[in-house]
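Shown next: work_2.cif, containing mmCIF, C-alpha atoms.
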data_query
loop_
_atom_site.label_atom_id
_atom_site.label_comp_id
_atom_site.auth_asym_id
_atom_site.auth_seq_id
_atom_site.Cartn_x
_atom_site.Cartn_y
_atom_site.Cartn_z
CA ARG A 1 126.56 101.89 79.38
CA SER A 2 128.21 98.56 78.58
CA VAL A 3 131.03 100.31 76.69
CA HIS A 4 131.33 103.56 78.65
CA ASN A 5 134.88 102.76 79.76
CA ALA A 6 135.94 102.74 76.13
CA TYR A 7 134.74 106.30 75.59
CA PRO A 8 138.05 108.00 76.58
CA LEU A 9 139.90 105.69 74.19
CA MET A 10 137.85 106.92 71.26
CA SER A 11 137.84 110.53 72.44
CA ASN A 12 141.63 110.68 72.68
CA LYS A 13 141.97 108.77 69.41
CA GLY A 14 139.90 111.38 67.60
CA ILE A 15 141.94 114.31 68.89
CA TYR A 16 145.25 112.56 68.31
CA GLU A 17 144.59 111.39 64.77
CA GLN A 18 143.10 114.70 63.63
CA GLN A 19 145.97 116.73 65.05
CA ARG A 20 148.58 114.38 63.58
CA ALA A 21 146.86 114.76 60.21
CA LEU A 22 147.32 118.53 60.44
CA SER A 23 150.93 118.73 61.65
CA ASP A 24 153.80 116.74 63.15
CA SER A 25 155.77 119.81 64.22
CA LYS A 26 154.52 119.66 67.83
CA ARG A 27 154.00 116.58 69.98
CA LEU A 28 150.53 116.09 71.35
CA PHE A 29 150.01 116.04 75.08
CA LEU A 30 146.47 114.99 76.01
CA MET A 31 145.43 115.20 79.65
CA THR A 32 142.52 113.03 80.71
CA ARG A 33 141.05 111.72 83.95
CA SER A 34 139.79 108.57 82.19
CA SER A 35 141.67 105.82 80.39
CA TYR A 36 141.17 102.50 78.67
CA PHE A 37 143.54 99.76 77.51
CA GLY A 38 145.67 100.90 74.59
CA GLN A 39 145.15 104.60 75.21
CA GLN A 40 148.90 105.19 75.61
CA ARG A 41 149.32 105.21 71.84
CA PHE A 42 147.30 108.44 71.61
CA ALA A 43 149.69 110.67 73.61
CA SER A 44 147.42 110.34 76.61
CA PHE A 45 148.47 111.32 80.13
CA CYS A 46 146.00 110.44 82.87
CA TRP A 47 145.72 111.93 86.32
CA SER A 48 143.80 110.16 89.06
CA GLY A 49 140.94 112.63 89.32
CA ASP A 50 139.89 115.18 91.91
CA VAL A 51 141.21 113.57 95.09
CA VAL A 52 140.86 114.97 98.60
CA SER A 53 143.84 116.35 100.52
CA GLN A 54 144.21 113.65 103.18
CA TRP A 55 147.06 111.38 104.23
CA HIS A 56 145.10 108.15 103.75
CA VAL A 57 144.05 109.29 100.27
CA MET A 58 147.66 109.97 99.34
CA ARG A 59 148.57 106.48 100.57
CA LYS A 60 145.91 104.87 98.38
CA GLN A 61 147.11 106.81 95.35
CA ILE A 62 150.37 104.84 95.30
CA ALA A 63 148.58 101.52 94.84
CA ALA A 64 146.24 103.11 92.30
CA GLY A 65 149.16 104.35 90.22
CA LEU A 66 150.97 101.02 90.33
CA ASN A 67 147.86 99.12 89.22
CA TYR A 68 147.30 101.67 86.48
CA THR A 69 150.80 101.34 85.04
CA LEU A 70 150.51 97.54 85.18
CA CYS A 71 147.82 97.97 82.53
CA GLY A 72 150.57 99.03 80.14
CA ILE A 73 149.80 102.76 80.29
CA PRO A 74 153.00 104.40 81.50
CA TYR A 75 152.06 108.07 81.99
CA TRP A 76 150.15 108.70 85.21
CA ASN A 77 150.03 111.38 87.88
CA THR A 78 148.08 112.44 90.94
CA ASP A 79 147.27 116.03 91.88
CA LEU A 80 150.18 116.84 94.19
CA GLY A 81 148.85 117.91 97.56
CA GLY A 82 145.39 116.69 96.62
CA PHE A 83 142.73 118.60 94.67
CA PHE A 84 140.17 119.47 97.34
CA GLY A 85 141.57 121.12 100.49
CA TRP A 86 138.30 120.87 102.43
CA GLU A 87 139.79 118.94 105.34
CA TYR A 88 142.14 121.85 106.08
CA GLY A 89 139.65 124.63 105.46
CA ASN A 90 141.40 125.46 102.16
CA ASN A 91 144.09 127.11 104.27
CA TRP A 92 147.56 126.76 102.77
CA ASN A 93 149.01 128.48 105.84
CA ASP A 94 147.88 125.63 108.10
CA VAL A 95 151.03 123.89 109.35
CA ALA A 96 149.43 120.44 109.09
CA TYR A 97 148.46 121.05 105.48
CA LYS A 98 151.99 122.27 104.75
CA GLU A 99 153.40 118.92 105.86
CA LEU A 100 150.97 117.04 103.61
CA GLN A 101 151.74 119.28 100.62
CA VAL A 102 155.49 118.91 101.11
CA ARG A 103 155.35 115.11 101.32
CA TRP A 104 153.02 114.82 98.34
CA LEU A 105 155.22 117.07 96.22
CA GLN A 106 158.29 115.05 97.23
CA TRP A 107 156.55 111.99 95.85
CA GLY A 108 155.72 113.90 92.67
CA CYS A 109 159.44 114.15 91.90
CA PHE A 110 159.29 110.38 91.29
CA GLN A 111 156.04 110.15 89.34
CA PRO A 112 155.96 109.83 85.53
CA LEU A 113 154.86 113.45 85.44
CA MET A 114 155.33 115.97 88.27
CA ARG A 115 152.23 118.15 88.39
CA ASN A 116 150.97 120.36 91.22
CA HIS A 117 147.23 121.11 91.06
CA CYS A 118 144.34 122.05 93.32
CA SER A 119 140.83 123.48 93.38
CA SER A 120 139.97 127.10 94.13
CA PRO A 121 139.89 128.64 96.71
CA MET A 122 142.96 126.60 97.71
CA GLU A 123 146.22 127.88 96.24
CA THR A 124 149.39 125.78 96.20
CA GLU A 125 151.96 127.77 94.23
CA LEU A 126 155.38 127.39 95.80
CA TYR A 127 155.55 130.99 97.02
CA LYS A 128 152.37 130.49 99.06
CA PHE A 129 154.35 128.33 101.49
CA GLY A 130 156.83 130.95 102.62
CA LYS A 131 160.19 132.14 101.42
CA GLU A 132 163.83 131.08 101.41
CA GLY A 133 164.79 129.76 104.84
CA GLU A 134 161.31 128.44 105.69
CA TRP A 135 160.98 124.65 105.61
CA ALA A 136 157.74 124.34 103.60
CA TYR A 137 159.23 126.51 100.85
CA ASP A 138 162.79 125.16 100.95
CA VAL A 139 161.84 121.49 100.81
CA GLN A 140 159.51 121.89 97.85
CA LYS A 141 162.11 123.91 95.98
CA LYS A 142 164.69 121.21 96.73
CA PHE A 143 162.59 118.52 95.07
CA VAL A 144 161.59 120.67 92.10
CA LYS A 145 165.31 121.26 91.47
CA LEU A 146 165.97 117.53 91.90
CA ARG A 147 163.37 116.77 89.25
CA TYR A 148 165.27 118.98 86.79
CA ARG A 149 168.54 117.33 87.81
CA LEU A 150 167.01 113.93 87.01
CA LEU A 151 165.80 114.96 83.53
CA PRO A 152 168.44 113.00 81.54
CA TYR A 153 167.47 109.86 83.47
CA ILE A 154 163.74 110.57 83.12
CA TYR A 155 163.90 111.45 79.43
CA SER A 156 165.86 108.28 78.80
CA MET A 157 163.07 106.36 80.53
CA ASN A 158 160.60 108.08 78.22
CA GLY A 159 162.73 106.95 75.30
CA GLU A 160 162.60 103.39 76.57
CA VAL A 161 158.81 103.62 76.85
CA THR A 162 158.50 104.57 73.19
CA GLN A 163 161.32 102.55 71.66
CA ASN A 164 161.24 99.40 73.81
CA ASN A 165 157.80 99.23 75.49
CA GLY A 166 159.29 100.25 78.83
CA ASN A 167 157.60 101.49 81.97
CA ILE A 168 158.46 104.28 84.42
CA MET A 169 156.59 103.56 87.65
CA ARG A 170 157.45 99.91 88.18
CA PRO A 171 155.80 97.66 90.79
CA PHE A 172 158.27 95.26 92.38
CA VAL A 173 156.81 92.32 90.44
CA MET A 174 158.56 93.71 87.36
CA ASP A 175 162.08 93.63 88.83
CA PHE A 176 161.95 91.33 91.88
CA PRO A 177 159.39 88.60 91.05
CA LYS A 178 161.06 86.04 93.33
CA ASP A 179 160.93 88.19 96.46
CA ARG A 180 157.61 87.21 98.04
CA LYS A 181 157.68 90.03 100.58
CA ALA A 182 158.37 92.63 97.90
CA LEU A 183 155.37 91.38 95.94
CA THR A 184 153.04 92.23 98.83
CA LEU A 185 154.10 95.89 98.99
CA ASP A 186 152.01 98.58 97.35
CA ASN A 187 153.67 101.65 98.91
CA GLU A 188 157.13 101.24 97.35
CA TYR A 189 158.19 100.86 93.73
CA MET A 190 161.00 101.34 91.24
CA PHE A 191 161.21 104.65 89.40
CA GLY A 192 162.80 103.31 86.26
CA HIS A 193 165.28 100.48 86.71
CA ASN A 194 167.57 102.24 89.20
CA LEU A 195 165.66 104.11 91.91
CA LEU A 196 163.55 102.65 94.70
CA VAL A 197 161.16 105.19 96.22
CA MET A 198 158.78 105.07 99.15
CA PRO A 199 156.60 108.15 99.67
CA VAL A 200 156.09 109.21 103.28
CA THR A 201 152.33 108.95 103.82
CA ASP A 202 152.08 109.62 107.55
CA SER A 203 152.11 112.90 109.42
CA LEU A 204 155.34 112.82 111.43
CA TYR A 205 155.70 116.43 112.54
CA THR A 206 152.19 117.91 112.79
CA TYR A 207 148.67 116.93 113.79
CA TYR A 208 145.26 118.32 112.92
CA ASN A 209 142.42 119.02 115.33
CA LYS A 210 140.16 121.60 113.66
CA LYS A 211 143.40 123.35 112.87
CA GLY A 212 146.99 122.26 112.49
CA TYR A 213 149.54 122.05 115.28
CA ALA A 214 153.26 121.37 115.15
CA LYS A 215 154.60 118.49 117.24
CA TYR A 216 158.04 120.09 117.33
CA GLN A 217 159.11 123.65 117.96
CA ASP A 218 161.42 123.50 114.95
CA ILE A 219 160.10 121.17 112.25
CA ALA A 220 163.11 121.81 110.02
CA SER A 221 165.45 120.15 112.53
CA ALA A 222 163.11 117.39 113.74
CA SER A 223 163.69 113.79 112.66
CA GLU A 224 161.62 110.63 112.99
CA ASN A 225 162.21 107.25 111.39
CA VAL A 226 160.18 105.26 108.87
CA ASN A 227 160.53 101.60 107.91
CA VAL A 228 161.56 100.70 104.35
CA TYR A 229 161.91 97.26 102.77
CA LEU A 230 164.83 96.70 100.41
CA PRO A 231 164.16 93.80 98.00
CA LYS A 232 166.56 90.89 98.00
CA GLY A 233 168.67 90.10 94.99
CA ALA A 234 170.43 93.48 95.06
CA GLU A 235 172.43 95.82 97.23
CA TRP A 236 171.13 99.33 97.79
CA TYR A 237 172.63 102.78 98.27
CA ASN A 238 170.84 105.40 100.34
CA PHE A 239 170.40 108.24 97.82
CA TRP A 240 171.08 110.85 100.51
CA THR A 241 173.98 109.34 102.45
CA ASN A 242 175.45 106.80 99.98
CA GLU A 243 175.38 104.16 102.73
CA LYS A 244 175.37 100.72 101.12
CA LEU A 245 172.90 98.13 102.45
CA GLU A 246 172.06 94.50 101.76
CA GLY A 247 168.73 93.67 100.17
CA GLY A 248 166.16 91.36 101.72
CA GLN A 249 165.73 93.39 104.89
CA GLU A 250 163.53 96.05 106.40
CA ILE A 251 165.40 99.04 107.72
CA SER A 252 164.47 102.04 109.84
CA MET A 253 165.77 105.27 108.36
CA PRO A 254 165.58 108.88 109.54
CA CYS A 255 163.14 110.96 107.51
CA PRO A 256 163.35 114.64 108.44
CA ILE A 257 160.94 116.80 106.51
CA ASP A 258 163.39 117.30 103.62
CA ILE A 259 164.11 113.58 103.12
CA MET A 260 161.96 110.74 101.74
CA PRO A 261 163.21 107.18 101.28
CA VAL A 262 165.05 106.89 97.97
CA PHE A 263 167.56 104.11 97.26
CA VAL A 264 169.76 103.36 94.26
CA LYS A 265 170.28 99.77 93.17
CA ALA A 266 173.94 98.72 93.12
CA GLY A 267 175.15 98.53 89.54
CA SER A 268 173.13 101.57 88.53
CA ILE A 269 174.48 104.17 86.13
CA MET A 270 172.70 107.49 86.62
CA ALA A 271 172.87 110.52 84.31
CA PHE A 272 172.28 113.88 86.02
CA GLY A 273 171.67 117.18 84.26
CA PRO A 274 172.63 120.80 85.00
CA ASP A 275 170.92 123.17 87.41
CA VAL A 276 168.22 124.83 85.29
CA GLN A 277 165.05 126.90 85.58
CA TYR A 278 163.37 125.17 82.63
CA ALA A 279 164.07 121.98 80.73
CA ALA A 280 165.85 123.34 77.66
CA GLU A 281 167.75 126.16 79.36
CA LYS A 282 171.14 124.45 79.07
CA LYS A 283 172.57 121.80 76.78
CA TRP A 284 173.45 118.37 78.11
CA ASP A 285 177.06 118.82 77.05
CA ASN A 286 178.58 118.23 80.50
CA LEU A 287 176.48 115.55 82.17
CA GLU A 288 177.40 114.00 85.49
CA ILE A 289 177.46 110.21 85.24
CA ARG A 290 177.30 108.44 88.59
CA VAL A 291 178.17 104.76 88.90
CA TYR A 292 176.92 102.96 92.01
CA PRO A 293 179.31 99.98 92.20
CA GLY A 294 178.56 96.53 93.57
CA ALA A 295 177.17 94.83 90.45
CA ASP A 296 177.37 95.04 86.70
CA GLY A 297 174.99 97.55 85.19
CA ASP A 298 173.71 99.18 82.01
CA PHE A 299 172.14 102.48 81.06
CA THR A 300 171.12 103.97 77.73
CA LEU A 301 171.10 107.75 77.35
CA TYR A 302 168.32 108.65 74.93
CA GLU A 303 168.11 112.03 73.14
CA ASP A 304 166.08 113.50 70.29
CA GLU A 305 164.89 116.87 69.00
CA GLY A 306 162.51 117.28 71.90
CA ASP A 307 159.28 118.48 70.31
CA ASN A 308 158.22 116.79 67.08
CA TYR A 309 157.70 113.31 65.66
CA ASN A 310 160.96 112.95 63.75
CA TYR A 311 161.98 110.22 66.21
CA GLU A 312 159.42 108.01 64.44
CA LYS A 313 161.63 108.34 61.36
CA GLY A 314 164.75 107.36 63.31
CA ALA A 315 165.85 110.85 64.34
CA PHE A 316 167.18 110.06 67.81
CA THR A 317 170.40 108.92 69.42
CA GLU A 318 171.28 106.33 72.03
CA ILE A 319 174.54 106.14 73.96
CA LYS A 320 174.91 102.89 75.88
CA PHE A 321 176.90 102.66 79.09
CA HIS A 322 178.04 99.40 80.72
CA TRP A 323 179.70 99.04 84.12
CA ASN A 324 181.88 95.96 84.66
CA ASP A 325 182.07 95.78 88.42
CA LYS A 326 184.83 93.17 88.70
CA GLN A 327 187.13 95.05 86.33
CA ARG A 328 185.91 98.48 87.54
CA THR A 329 185.55 99.56 83.95
CA LEU A 330 182.95 101.83 82.40
CA GLU A 331 182.31 101.12 78.73
CA ILE A 332 180.76 103.91 76.69
CA ALA A 333 179.60 102.55 73.34
CA ALA A 334 179.65 104.33 70.02
CA ARG A 335 176.72 106.66 69.56
CA GLU A 336 173.86 105.12 67.61
CA GLY A 337 171.65 107.26 65.38
CA SER A 338 171.55 110.98 64.69
CA TYR A 339 169.20 113.96 64.61
CA LYS A 340 169.31 117.60 63.63
CA GLY A 341 171.05 119.71 66.26
CA MET A 342 172.50 116.81 68.23
CA LEU A 343 175.64 117.26 70.31
CA LYS A 344 178.54 115.94 68.26
CA SER A 345 180.99 116.25 71.14
CA ARG A 346 180.50 116.59 74.87
CA LYS A 347 181.98 115.82 78.27
CA PHE A 348 180.95 113.20 80.78
CA ARG A 349 181.94 113.86 84.39
CA ILE A 350 182.17 110.39 85.92
CA LEU A 351 181.80 109.76 89.64
CA ILE A 352 182.20 106.32 91.23
CA VAL A 353 179.99 106.68 94.30
CA ASP A 354 181.26 105.98 97.80
CA LYS A 355 180.47 107.29 101.29
CA GLN A 356 182.43 110.46 100.66
CA SER A 357 180.39 111.37 97.58
CA PRO A 358 177.78 114.14 97.86
CA SER A 359 174.13 113.17 98.11
CA GLY A 360 172.34 112.43 94.87
CA ASP A 361 170.55 115.77 94.77
CA LYS A 362 173.82 117.73 94.75
CA ALA A 363 176.20 118.14 91.84
CA ALA A 364 179.64 116.69 92.47
CA VAL A 365 182.40 119.30 92.67
CA ASN A 366 185.09 116.65 92.31
CA VAL A 367 184.70 113.59 90.09
CA ASN A 368 186.90 110.59 89.39
CA LYS A 369 187.38 111.36 85.71
CA THR A 370 186.15 113.73 83.03
CA VAL A 371 186.11 112.28 79.53
CA LYS A 372 185.57 113.90 76.16
CA TYR A 373 183.13 112.01 73.99
CA ASN A 374 182.70 112.54 70.26
CA GLY A 375 180.53 109.55 69.48
CA LYS A 376 183.25 106.91 69.41
CA ALA A 377 183.46 104.00 71.86
CA GLN A 378 185.57 104.41 74.97
CA SER A 379 186.63 102.22 77.87
CA ILE A 380 187.53 103.93 81.16
CA ARG A 381 189.23 102.02 83.95
CA PHE A 382 188.91 103.04 87.62
#
Encoding of this model in structure tokens:
Amino acid sequence: RSVHNAYPLMSNKGIYEQQRALSDSKRLFLMTRSSYFGQQRFASFCWSGDVVSQWHVMRKQIAAGLNYTLCGIPYWNTDLGGFFGWEYGNNWNDVAYKELQVRWLQWGCFQPLMRNHCSSPMETELYKFGKEGEWAYDVQKKFVKLRYRLLPYIYSMNGEVTQNNGNIMRPFVMDFPKDRKALTLDNEYMFGHNLLVMPVTDSLYTYYNKKGYAKYQDIASASENVNVYLPKGAEWYNFWTNEKLEGGQEISMPCPIDIMPVFVKAGSIMAFGPDVQYAAEKKWDNLEIRVYPGADGDFTLYEDEGDNYNYEKGAFTEIKFHWNDKQRTLEIAAREGSYKGMLKSRKFRILIVDKQSPSGDKAAVNVNKTVKYNGKAQSIRF
């Protein structure tokens, strides 16, 4: 009993080492509900167990995930929507459960891994929540598509995890250690270095009393506000409106059912991918690069072969971007590294964000400049 917490470490180690001894052609992906210090080196991904579908449980999951990642284990997830739907009679048609599922899945877009899961007889496939034009379906689809759009940013974070001991789900102590108020918060965090997220963990548009009831006749058009704290030491862009706000203040922002608080730190450089149905459907040969001005910033686009261990032998590339805010110049460094099948030339569609720019979930039709990149350093002035 004295060493039972170490059991998952050894269990995952055994699977990992034996499989690696057989073949390196496929990356391991080990799902476990138990972890121990150091387990990240065995391709381990941990979910938080069989949690109940309740708002207060969802709220506690945020703090649990942040504490978990502070242990140095970057890959964590919670069952989106909760695992046991007892509280709602395992009824996915219940309007109150729909609101919970939608908010939990929104949060999943900004977890290290986005994974929907539940226990029979509950069913939470997207099509169970309606069809096009119905809010519970439309909102979930919106955030699934956003997750795909964010893949270049997310995969680059994964590269930082492996190459530079990075972290994905970052408590504020990692980036704003001098902001005493930020240090007390366990319901907001940084998703990578650029995005601040705060999951909505209260029922705003429904209530439950043996069955669910809607507070509004039309939930899709209803809007209530939530309070969000923006850490000091940075300026922040609302991801949805591109409104720029000073840090060090708590704001009240509208959160209709299709919006959760997401803010982009000024100085961020964000890489967005194409609209796809699965990760490798389209090449990243025409990425949208958004610069959120207001401070200097850096971003490294990481790429590799995608499904083997050749990156351990140096088979990966990094393209470093630097934004000089005073000179309004974007520096794109020479490509470092190489791998089989890499893009030797590509386009970057560069958008300098302002209030007229589309929201972060939508591809920009018009950009400031499109540049051709063949691996050589470039400097682009705006």
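Listed by chain and then by number, the residues chosen by the PyMOL selection byres ((chain A and resi 298-301) around 8) in this file are Pro152, Tyr153, Ser156, Gly267, Ser268, Ile269, Met270, Ala271, Asp296, Gly297, Tyr302, Glu303, Glu318, Ile319, Lys320, Phe321, His322 and Trp323 of chain A.
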>> Would you pick out the contacts of Leu151 (chain A) at 10 Å or less, using only C-alpha atoms, so that residues sharing its chain but fewer than 5 positions from it are not included, and give the list as a ChimeraX atom specification?
In response: /A:146,156-157,271-274,279,284
Just want the 10 Å neighbourhood of Asn308 (chain A), counted on all atoms listed in the file, with same-chain residues fewer than 5 positions away dropped. Output as a PDB file with C-alpha atoms, in the coordinates of the input.
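Result file around-v6.pdb:
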ATOM      1  CA  SER A  23     150.930 118.730  61.650  1.00  0.00           C
ATOM      2  CA  ASP A  24     153.800 116.740  63.150  1.00  0.00           C
ATOM      3  CA  SER A  25     155.770 119.810  64.220  1.00  0.00           C
ATOM      4  CA  LYS A  26     154.520 119.660  67.830  1.00  0.00           C
ATOM      5  CA  ARG A  27     154.000 116.580  69.980  1.00  0.00           C
ATOM      6  CA  LEU A  28     150.530 116.090  71.350  1.00  0.00           C
TER       7      LEU A  28
END
>> So the first atom is CA of Gln54 (chain A) and the second is CA of Glu224 (chain A); what is the distance between them in Å, to one decimal place?
In response: 20.2 Å
With the cut-off set at 6 Å and counting all atoms listed in the file, tabulate each residue of region 142-213 of chain A with an atom at most that distance from an atom of region 91-107 of chain A, showing the nearest atom pair and its distance in Å to one decimal, ordered by chain and increasing number, as CSV.
residue,atom,partner,partner_atom,distance
A:Phe143,CA,A:Gln106,CA,5.9
A:Pro199,CA,A:Trp107,CA,5.4
A:Thr206,CA,A:Ala96,CA,5.3
A:Tyr207,CA,A:Ala96,CA,5.9
A:Gly212,CA,A:Ala96,CA,4.6
Report as a tab-separated table the residues of region 247-272 of chain A within 7 Å of region 192-196 of chain A, each with its shortest atom pair and distance in Å (one decimal), using all atoms listed in the file, ordered by chain and increasing residue number.
residue	atom	partner	partner_atom	distance
A:Val262	CA	A:Leu196	CA	5.6
A:Phe263	CA	A:Leu196	CA	5.0
A:Val264	CA	A:Leu195	CA	4.8
A:Lys265	CA	A:Asn194	CA	5.4
A:Ser268	CA	A:Asn194	CA	5.6
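With distances taken over all atoms listed in the file, A:Arg328 is the one residue among A:Arg328, A:Lys244, A:Arg349, A:Lys340 lying closest to Ile380 (chain A).
Taking CA of Val353 (chain A) and CA of Arg290 (chain A) as endpoints, the distance between them is 6.6 Å.
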>> Which residue is closest to Asn165 (chain A)? Choose from A:Arg147, A:Lys131, A:Arg41, A:His117 and count only C-alpha atoms.
In response: A:Arg41
